[in-house]
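Q: I am attaching a structure below and will ask some questions about it afterwards.
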Amino acid sequence: MPATPTTDPLQRERDHLAASRSALRAMREDVESLDIRDVTGTWVTAVILQNQIEARIAALADLSDTPLFFGRLDYLHAISEELSEGSGGESFYIGRRHVHDADGDPMVIDWRAPVSQPFYRASRAEPMDVERRRRFGYTGGELTAYEDEHLTDPSEADTASALLAAEIEKPRVGPMRDIVATIQPEQDEIVRSDVTGTICVQGAPGTGKTAVGLHRVAYLLYAHRERLARTGTLVIGPNNAFLSYIEQVLPALGELEVAQATVQQLVAHVEVRGEDDPEAARLKGDARMAEVLRRAVRAGITLPTEPCVVVRGSRRWRVPAYELAEIIEELKGRDIRYGAARDALPQRIAHAVLLKMEQGGEAPDDRVQDAVARNSAVKAVVKECWPAVDPAKLVLRLLSEPEFLAECAEGVLTAEEQQAVLWPKPGRSVKTARWTPADAVLVDEATDLVQRTPSLGHVVLDEAQDLSPMQYRAVGRRCTTGSATVLGDLAQGTTPWATASWPDALHHLGKPDAHVEELTKGFRVPEEVIAYASRLLPAIAPGLAPATSVRDAPGSLVIRPVTEWEDAVLDACREALKNEGSTGLIAADARIPQLAELLTAAGLSFLSPGTETSTEARLTLVPASLAKGLEYDYVVLDEPAAVIAGEPDERTGLRRLYVALTRAVSGLTVLHGEPLPEQLR
């Protein structure tokens with residue numbers, strides 16, 4: 001006998017979840033059972049097909065603690081082509097990936113599909129033909145609750161979603177979670193922006209800008225899979241700790257092929273072993289250095305004083321010096337890379353020789369031109385007049401030889417600025433020189449001047465406010481023919497060269513027409529905490545709108561003056577760890593070794609930033625310089641005055657403090673033995 005359908009709505013939804021998981025498992029098994037032995041012509045195609053199959057199997061993984069679907073839409077009218085007009089509405093379960101049954105009918109719709117969009121955008125004012133929106137609550141992977149919004153029922157009160165709030169406030173243990181179940185309308189608009197356009201998101205702490213950027217990548221890969229599979233995608237973060245924190249978001253959404261890197265990894269042409277002082281780093285990151293490098297790359301170009309004589313058989317063909325000079329001047333005037341022009345020069349000289357051959361009664365073809373281009377006399381002219389350039393050696397010379405720098409920087413950098421960027425101790429060779437992070441960016445610029453950097457289809461640049469103009473140029477080279485999503489917060493700029501405005505940054509990125517969106521509604525940081533941190537905004541980012549928060553959590557902020565510093569830190573950490581979720585102890589970098597000894601002596605185990613938290617290890621000791629982009633349920637902030645003092649100037653110190661103050665999701669305890677900055681008193 002067939003099973004009797006249950007009348008319990010929650011049980012029906014659980015049954016659908018179980019059936020969907022079974023269907024996903026069947027989809028995976030179908031792929032695993034594929035036999036490609038009879039369809040592969042060569043071992044190369046066999047390897048390619050096998051890699052594609054393995055990627056597909058990985059994408060079909062069912063993550064037991066991750067809900068397969070998180071919502072349902074009940075439409076007023078049928079929207080499927082198979083259903084006849086007037087046949088009534090349809091229902092769709094919205095989840096992280098598409099799942100279909102044995103007949104191919106959808107059981108879960110991918111959140112990125114057009115039919116899913118009303119889940120994020122529909123409202124009582126504009127229901128988008130949705131009669132009911134249902135949200136599901138989960139404990140681990142177990143479906144435990146649901147709530148409904150009847151968007152076309154005028155009698156139903158418009159109240160905030162309790163399940164949505166619970167999902168946002170859920171304790172954080174492990175890497176960054178996706179926000180696919182909680183995307184808000186203004187976030188969804190950014191996520192679904194067109195692939196051809198670059199968008200810049202100015203986002204206050206807790207507004208979800210990082211997650212929005214990652215979900216935008218996932219959406220673009222869904223909507224433009226073939227295009228982006230061909231051109232590639234890349235997520236750029238400020239440091240490896242940050243990348244480790246976010247690395248599980250895209251795989252949870254079924255996207256496994258997105259590369260991640262820091263800016264320093266992008267420009268790893270030389271081994272970085274040194275550090276610049278702040279002024280040298282600022283100047284090396286100045287956009288004016290691009291012109292200095294352009295001149296340096298072309299500094300070796302000279303005009304010939306002797307003709308080029310090509311001997312072929314018994315005849316000699318002579319290209320006079322003035323003709324050679326005209327060819328070189330013409331190539332210099334064209335907007336092409338130095339290396340491309342150098343490759344073109346022997347062909348141009350050979351073409352001049354062929355014209356003389358034709359005038360002499362011969363009928364040379366392309367093979368003759370190629371042979372002439374390889375002639376030793378032509379090669380000698382190219383070597384003399386357009387010498388090969390090694391980018392690293394060029395920058396080594398530029399930063400080591402005052403005379404060469406002065407020649408290339410005349411009218412661009414002052415004498416004092418030139419002195420500031422020169423190495424105190426000249427480098428002997430590329431391998432032994434003490435390259436700095438800013439030097440590596442210069443080498444990358446020089447490399448691009450010689451040979452064009454390949455462009456990707458889409459680049460996400462997070463924490464962009466900390467980049468120098470030259471770093472923006474380095475990133476921009478990776479998306480010259482593609483688009484970008486730029487994410488940041490001007491108030492969190494903590495480098496001496498931090499971005500002053502987004503139009504300036506987008507200009508250096510090569511995307512001056514990008515659209516700028518501002519997110520000010522916070523979903524992560526409690527209102528009490530963000531309001532306190534926002535007192536710093538007039539000093540660190542005048543004119544920037546303060547953030548608000550949808551989360552009112554009384555008692556989430558504790559300001560505690562202390563005298564017995566060690567006991568206070570340990571007590572605050574133990575108090576925070578009594579709560580569910582993660583705890584971050586954030587302190588000035590210089591105080592980290594002392595705090596590490598204190599925690600160890602007290603028997604409190606702790607992790608370093610970038611190490612995944614777990615239910616057994618929930619305390620992370622965080623240098624203030626690495627706190628950006630990270631979040632913890634509870635934060636203990638040690639001595640704000642020391643955080644400020646650890647930076648080269650007060651504004652940068654206050655910005656670093658602003659970052660540290662806004663890492664907490666549920667509670668922040670500020671411990672201070674020294675006076676707080678006047679803005680926070």
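Numbering starts fresh at 1 for the residues of each chain in the structure tokens, the chains themselves are lettered A, B, ... in the order given, and ligands are numbered from 1 as they appear.
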Near range 115-120 of chain A, counting only C-alpha atoms, which residues have an atom at most 9 Å away, once you skip same-chain residues fewer than 6 positions from it, shown as JSON, numbers by chain?

A: {"A": [71, 72, 73, 79, 92, 93, 94, 95, 109, 127, 128, 129, 130, 133, 134, 181, 182, 183, 184, 185, 187, 188]}

Q: Could you pull out the residues in range 437-570 of chain A that DSSP calls helix (DSSP H, G or I) from the backbone, as a PyMOL selection string?

A: chain A and resi 437-450+464-466+469-477+490-492+502-509+527-540+565-570

Q: Which residues, written as a PyMOL selection string, have at least one atom at most 10 Å from Val297 in chain A, with only C-alpha atoms counted and residues fewer than 2 positions away on the same chain left out?

A: chain A and resi 291-295+299-301+338+387-391+394-395+408+446-447+449-450

Q: Out of range 198-275 of chain A, which residues get strand (DSSP E or B) from DSSP, as a list in words?

A: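 The residues of range 198-275 of chain A classed as strand (DSSP E or B) are Ile199, Cys200, Val201, Gln202, Gly203, Thr233, Leu234, Val235, Ile236, Gly237, Ala259, Gln260, Ala261, Thr262 and Val272 of chain A.
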
Q: Generate the output file for the selected residues, all heavy atoms, as an mmCIF file, in the first residue's frame.

A:
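To be explicit, this is the file written out as again.cif:
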```cif
data_model
loop_
_atom_site.group_PDB
_atom_site.id
_atom_site.type_symbol
_atom_site.label_atom_id
_atom_site.label_comp_id
_atom_site.auth_asym_id
_atom_site.auth_seq_id
_atom_site.Cartn_x
_atom_site.Cartn_y
_atom_site.Cartn_z
ATOM 1 N N ILE A 199 31.747 47.230 -10.776
ATOM 2 C CA ILE A 199 30.984 47.853 -9.704
ATOM 3 C C ILE A 199 31.874 47.987 -8.478
ATOM 4 O O ILE A 199 32.682 47.102 -8.177
ATOM 5 C CB ILE A 199 29.711 47.037 -9.386
ATOM 6 C CG1 ILE A 199 28.801 47.811 -8.433
ATOM 7 C CG2 ILE A 199 30.032 45.663 -8.853
ATOM 8 C CD1 ILE A 199 27.392 47.257 -8.377
ATOM 9 N N CYS A 200 31.758 49.118 -7.803
ATOM 10 C CA CYS A 200 32.541 49.389 -6.592
ATOM 11 C C CYS A 200 31.571 49.506 -5.429
ATOM 12 O O CYS A 200 30.586 50.246 -5.500
ATOM 13 C CB CYS A 200 33.338 50.681 -6.758
ATOM 14 S SG CYS A 200 34.214 51.206 -5.258
ATOM 15 N N VAL A 201 31.844 48.749 -4.367
ATOM 16 C CA VAL A 201 30.963 48.731 -3.201
ATOM 17 C C VAL A 201 31.678 49.349 -2.008
ATOM 18 O O VAL A 201 32.653 48.795 -1.503
ATOM 19 C CB VAL A 201 30.518 47.297 -2.857
ATOM 20 C CG1 VAL A 201 29.563 47.322 -1.668
ATOM 21 C CG2 VAL A 201 29.860 46.635 -4.061
ATOM 22 N N GLN A 202 31.203 50.522 -1.600
ATOM 23 C CA GLN A 202 31.656 51.133 -0.355
ATOM 24 C C GLN A 202 30.763 50.580 0.740
ATOM 25 O O GLN A 202 29.571 50.866 0.791
ATOM 26 C CB GLN A 202 31.556 52.657 -0.430
ATOM 27 C CG GLN A 202 31.508 53.393 0.910
ATOM 28 C CD GLN A 202 32.741 53.192 1.775
ATOM 29 O OE1 GLN A 202 33.853 53.195 1.276
ATOM 30 N NE2 GLN A 202 32.532 53.007 3.073
ATOM 31 N N GLY A 203 31.334 49.758 1.615
ATOM 32 C CA GLY A 203 30.516 49.095 2.615
ATOM 33 C C GLY A 203 31.042 49.285 4.013
ATOM 34 O O GLY A 203 32.199 48.978 4.302
ATOM 35 N N THR A 233 38.499 33.639 -13.463
ATOM 36 C CA THR A 233 38.069 34.549 -12.405
ATOM 37 C C THR A 233 39.084 34.500 -11.271
ATOM 38 O O THR A 233 39.779 33.509 -11.080
ATOM 39 C CB THR A 233 36.680 34.151 -11.856
ATOM 40 O OG1 THR A 233 36.701 32.770 -11.505
ATOM 41 C CG2 THR A 233 35.594 34.406 -12.876
ATOM 42 N N LEU A 234 39.143 35.575 -10.505
ATOM 43 C CA LEU A 234 40.137 35.683 -9.438
ATOM 44 C C LEU A 234 39.585 36.524 -8.302
ATOM 45 O O LEU A 234 38.971 37.573 -8.535
ATOM 46 C CB LEU A 234 41.416 36.338 -9.975
ATOM 47 C CG LEU A 234 42.523 36.659 -8.966
ATOM 48 C CD1 LEU A 234 43.118 35.382 -8.389
ATOM 49 C CD2 LEU A 234 43.618 37.502 -9.626
ATOM 50 N N VAL A 235 39.792 36.052 -7.064
ATOM 51 C CA VAL A 235 39.465 36.825 -5.866
ATOM 52 C C VAL A 235 40.771 37.266 -5.228
ATOM 53 O O VAL A 235 41.644 36.436 -4.942
ATOM 54 C CB VAL A 235 38.642 35.987 -4.869
ATOM 55 C CG1 VAL A 235 38.429 36.760 -3.565
ATOM 56 C CG2 VAL A 235 37.295 35.603 -5.472
ATOM 57 N N ILE A 236 40.908 38.568 -4.990
ATOM 58 C CA ILE A 236 42.124 39.130 -4.400
ATOM 59 C C ILE A 236 41.799 39.650 -3.005
ATOM 60 O O ILE A 236 40.897 40.468 -2.833
ATOM 61 C CB ILE A 236 42.683 40.270 -5.272
ATOM 62 C CG1 ILE A 236 42.974 39.772 -6.687
ATOM 63 C CG2 ILE A 236 43.945 40.861 -4.651
ATOM 64 C CD1 ILE A 236 43.377 40.871 -7.650
ATOM 65 N N GLY A 237 42.538 39.151 -2.008
ATOM 66 C CA GLY A 237 42.342 39.573 -0.628
ATOM 67 C C GLY A 237 43.595 40.209 -0.063
ATOM 68 O O GLY A 237 44.664 40.172 -0.678
ATOM 69 N N ALA A 259 40.148 31.163 -8.577
ATOM 70 C CA ALA A 259 41.473 31.311 -7.964
ATOM 71 C C ALA A 259 41.440 32.413 -6.907
ATOM 72 O O ALA A 259 40.619 33.338 -6.974
ATOM 73 C CB ALA A 259 42.504 31.638 -9.038
ATOM 74 N N GLN A 260 42.343 32.316 -5.928
ATOM 75 C CA GLN A 260 42.475 33.329 -4.886
ATOM 76 C C GLN A 260 43.938 33.721 -4.766
ATOM 77 O O GLN A 260 44.829 32.890 -4.945
ATOM 78 C CB GLN A 260 41.978 32.796 -3.537
ATOM 79 C CG GLN A 260 40.499 32.489 -3.496
ATOM 80 C CD GLN A 260 40.045 32.056 -2.108
ATOM 81 O OE1 GLN A 260 40.851 31.852 -1.215
ATOM 82 N NE2 GLN A 260 38.749 31.940 -1.928
ATOM 83 N N ALA A 261 44.183 34.985 -4.457
ATOM 84 C CA ALA A 261 45.557 35.459 -4.304
ATOM 85 C C ALA A 261 45.556 36.775 -3.552
ATOM 86 O O ALA A 261 44.539 37.468 -3.468
ATOM 87 C CB ALA A 261 46.223 35.637 -5.673
ATOM 88 N N THR A 262 46.706 37.118 -3.001
ATOM 89 C CA THR A 262 46.928 38.464 -2.483
ATOM 90 C C THR A 262 47.588 39.278 -3.587
ATOM 91 O O THR A 262 48.091 38.731 -4.572
ATOM 92 C CB THR A 262 47.849 38.433 -1.253
ATOM 93 O OG1 THR A 262 49.150 37.954 -1.669
ATOM 94 C CG2 THR A 262 47.300 37.511 -0.173
ATOM 95 N N VAL A 272 60.602 38.868 -1.998
ATOM 96 C CA VAL A 272 60.531 40.017 -1.089
ATOM 97 C C VAL A 272 61.201 39.648 0.232
ATOM 98 O O VAL A 272 60.791 38.700 0.900
ATOM 99 C CB VAL A 272 59.068 40.432 -0.859
ATOM 100 C CG1 VAL A 272 58.986 41.496 0.232
ATOM 101 C CG2 VAL A 272 58.456 40.938 -2.160
#
```

Q: Can you work out which one of A:Leu456, A:Ala211, A:Leu266, A:Ala440 has the shortest atom-to-atom distance to Lys284 in chain A, counting only C-alpha atoms?

A: A:Ala440

Q: Quick one: residues within 6 Å of range 599-607 of chain A, only C-alpha atoms, excluding same-chain residues fewer than 3 positions away - as a list of chain:residue names?

A: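 These residues fall inside the cut-off: A:Ala596, A:Leu619, A:Thr620.
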